[in-house]
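The structure under discussion appears below in the form of structure tokens.
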Amino acid sequence: MNENMDEKKLFGVTDLSVRSLILSALGSVLISVSSIYVALRISALPWPTIFVTVLAMALLKLLGRSNVREINVTNTGMSAGAMVAGALAFTIPGLFIAGVYKPFDPAADTFSTWLMPKFWPVFGVAVFGVLTGTFICYFLRKRYLERADLPYPIGQAAAETLSAGDTGGRKARLLFASLGLSAIFTALRDRFALVPDTLAGKIGAVPVSLYTSPMAVAIGYIIGFGPSAYWMLGNLISRIGFDVWGVSSGTFADTAAAGQFALTAAIGLMVGSGIAILIASVRDRIKRARSEARDSSTRLTGKGGLIAVILTATAYVISILAGLSPLVSALLMLGVAFASAMSAVITGQTGINPMEVFGIIVLLAIRLIVPVSHEHAFLIAAAVAVVCGYTGDMMNDYKAGQIVGTNPKAQLVTELVGGLIGTVAAVLALFAVIYQFGGVGGDTGLTAAQAHSVAAMVSGIGDPIVFTTSLILGTLLFLKGVPAMIIGIGMILGQGMSVAIFIGGLLSWIVPRIAGKREAAMKQNGQIIAAGLLGGEGITGTIIAFLTMFGA
């Protein structure tokens with residue numbers, strides 16, 4: 001494809017086209033609906049980024065001349081609703097679990113009378129999340145992509161896919177071969193149950209497990225040995241230190257008590273890291289004040305500034321219309337600014353985005369200042385989760401765009417279009433699925449594990465001494481360059497996932513050391529293979545979700 005001859009421009013924005021807007025809207029509906037179903041049914045949500053990258057590439061090539069930048073702009077909008085859907089599915093079902101929302105009762109309700117009182121508050125906080133997330137991300141982009149240069153493994157994989165599909169040759173063959181093998185393996189595991197999803201055993205008296213995920217190994221390879229080792233350290237502290245030794249020594253009564261301690265400590269480390277991010281941001285801002293005064297790209301002026309002010313004010317009003325008080329809405333605005341920075345960092349470092357955890361963190365902080373009802377507590381958590389999920393998706397797309405040279409303003413437009421349209425589809429799909437299954441819980445077929453965790457945490461954070469100590473420790477460690485947020489993530493997530501990611505990180509350390517003079521080529525090939533492994537599982541997981549949704 002000739003990049004100059006095929007340059008696109010719409011409304012004065014390069015790389016933007018009418019067909020990219022149309023495909024963004026249609027694709028976002030498709031991905032949002034399937035993401036709701038997957039998240040409710042299996043309590044997980046694979047990144048759809050590679051899937052929509054390949055889909056956008058195929059559709060645009062079918063429609064005629066295109067280039068990698070238009071494809072990137074299109075897949076940015078197509079994936080926008082996925083993390084909105086995930087955020088809602090990981091939080092809002094907690095309202096049913098807690099008994100605030102009741103399942104549909106045909107003897108007492110029509111579908112309309114059951115749906116509408118629930119639809120508007122949830123829709124309101126979701127739109128709030130999309131509006132604030134879109135413009136927060138646009139300005140986080142400069143800090144975390146250009147200055148910090150975080151890896152954003154999902155974005156890197158998308159860029160490799162775009163580049164390979166555009167140039168062809170050996171690079172493309174390598175990527176699509178690894179993608180195909182990963183897809184076959186994932187289908188054998190998830191569709192046909194011929195491969196176990198977890199391998200478990202013991203080393204001495206210590207239980208160990210491995211999640212058989214090409215995606216997890218690929219993420220570990222892309223983020224590198226250091227971050228994956230810290231991730232593994234956090235998991236060892238939680239699973240071995242607390243669950244095994246802590247229980248056997250009598251420090252904890254049982255594994256449930258050890259798990260609650262680990263969760264409280266992990267959230268404290270993550271909040272402390274967030275505080276450190278803000279401290280570092282202020283410090284950096286002071287240092288750069290003089291140069292930024294001469295650099296208009298780091299601040300909003302003119303029309304851009306006016307648009308940002310209008311949309312921020314609109315988001316604030318929408319949160320009030322959703323039922324939150326003006327004070328709670330103002331605190332929520334501050335909270336999402338804090339949480340989105342944490343989300344941008346953790347997604348950039350690890351490729352994992354625990355959006356519901358960030359929702360819990362901000363909710364608990366707001367509750368320290370002002371009391372909120374159970375319904376509003378879940379809405380706050382949902383709003384923050386939407387912003388953080390949206391942040392992770394958008395920053396990965398910006399990373400891919402940075403690599404292939406896409407105009408970020410074009411990505412901003414399709415992200416906003418796809419996000420808003422995907423929100424409508426996601427909220428309707430959420431209640432439609434819950435209506436179809438008759439409620440939420442293991443007995444209905446909708447496990448919604450994350451929503452159960454949110455419901456449990458709505459009542460409180462646990463031991464305040466443990467939380468405060470961990471918060472201080474997380475702040476100090478992060479300021480000293482130790483990624484305490486990654487350690488916290490390792491403490492929360494399962495051992496199988498952590499081991500798989502560590503294996504990938506270990507391979508990224510070993511490969512250059514055995515490559516000799518071919519180190520640079522081996523490193524690039526390793527990145528391409530990792531991108532294929534990641535994409536194969538993501539694409540296949542999404543396709544299986546479609547098949548399951550339609551009963552196939």
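Chain lettering (A, B, ...) mirrors the order of the structure tokens, residue numbering begins at 1 for each chain separately, and ligand numbering begins at 1 in order of display.
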(message) Env of Tyr398 of chain A: 10 Å cut, atoms = only C-alpha atoms, seq-sep filter 3 positions within chain, self excluded. Answer as a list of chain:residue names.
(response) A:Asn72, A:Val73, A:Thr76, A:Cys137, A:Tyr138, A:Arg141, A:Lys142, A:Leu145, A:Tyr152, A:Gly155, A:Gln156, A:Gly392, A:Asp393, A:Met394, A:Met395, A:Gly401, A:Gln402, A:Ile403, A:Val404, A:Gly405, A:Thr406, A:Asn407, A:Pro408, A:Gln411, A:Leu412
(message) List the spatial neighbours of segment 206-222 of chain A as a ChimeraX atom specification - criterion: any atom at most 8 Å away, only C-alpha atoms, same-chain residues fewer than 6 positions off excluded.
(response) /A:151,153-154,182,186,196-200,228,240,244,350-351,495-497,499-508,526-527,530-531,533-538
(request) List every residue of segment 61-281 of chain A that DSSP, applied to the backbone of this structure, assigns to alpha helix (DSSP H), and report them as an MDAnalysis selection string. (result) chainID A and resid 61:63 68:78 80:91 93:97 111:141 153:167 169:190 214:223 225:235 247:248 255:281
(message) Which residues are near Ser340 of chain A? Cut-off 12 Å, only C-alpha atoms, ignore same chain within fewer than 6 positions. Put them as number ranges by chain.
(response) A: 129-130, 132-141, 144, 274, 277-278, 332-334, 346-348, 353-355, 357-359, 361-362, 383-395
(message) If I take atom CA of Phe119 of chain A and atom CA of Gly441 of chain A, how far is one from the other in Å, to one decimal?
(response) 20.2 Å
(request) Excluding segment 20-28 of chain A and residues on its chain fewer than 4 positions from it, collect all residues at most 8 Å away from it, counting only C-alpha atoms, and give them as a list in words. (result) Leu16, Ser32, Val52, Ala56, Glu70, Ile71, Val73, Thr74, Asn75, Thr76, Gly77, Met78, Ser79, Ala80, Gly81, Ala82, Thr414, Val417, Gly418, Gly419, Ile421 and Gly422 of chain A
Next, write the just-selected residues to a file, as a tab-separated table (two decimals), in the first residue's frame, keeping C-alpha atoms as the atom set.
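Listing of again_10.tsv after writing:
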```tsv
chain	number	residue	atom	x	y	z
A	16	LEU	CA	-9.60	10.03	9.32
A	32	SER	CA	-19.30	-4.46	23.04
A	52	VAL	CA	-10.23	-5.77	15.63
A	56	ALA	CA	-10.29	-3.65	10.29
A	70	GLU	CA	-6.42	4.37	8.48
A	71	ILE	CA	-6.58	0.76	9.68
A	73	VAL	CA	-7.71	4.66	13.35
A	74	THR	CA	-10.54	2.23	12.51
A	75	ASN	CA	-9.53	-0.49	14.95
A	76	THR	CA	-9.16	2.19	17.64
A	77	GLY	CA	-12.87	2.97	17.36
A	78	MET	CA	-13.95	-0.66	16.92
A	79	SER	CA	-12.39	-1.75	20.22
A	80	ALA	CA	-13.54	1.31	22.20
A	81	GLY	CA	-16.71	-0.23	23.62
A	82	ALA	CA	-15.09	-3.49	24.75
A	414	THR	CA	-13.03	7.33	16.40
A	417	VAL	CA	-17.57	7.69	18.42
A	418	GLY	CA	-16.94	4.00	19.11
A	419	GLY	CA	-17.03	4.54	22.87
A	421	ILE	CA	-22.10	3.94	20.51
A	422	GLY	CA	-20.56	0.96	22.26
```
(message) Just want the 12 Å neighbourhood of Glu356 of chain A, counted on only C-alpha atoms, with same-chain residues fewer than 2 positions away dropped. Output as a PyMOL selection string.
(response) chain A and resi 43-44+83-84+86-92+94+267+339+343+352-354+358-363+378-389+448-455+457-458
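From atom CA of Arg513 of chain A back to atom CA of Asp149 of chain A, the distance works out to 24.0 Å.
Rounded to one decimal, atom CA of Leu471 of chain A and atom CA of Phe252 of chain A lie 21.2 Å from each other.
Ranking A:Val482, A:Ile31, A:Leu416, A:Ala262 by their shortest atom-to-atom distance to Trp47 of chain A, with only C-alpha atoms included, puts A:Ile31 first.
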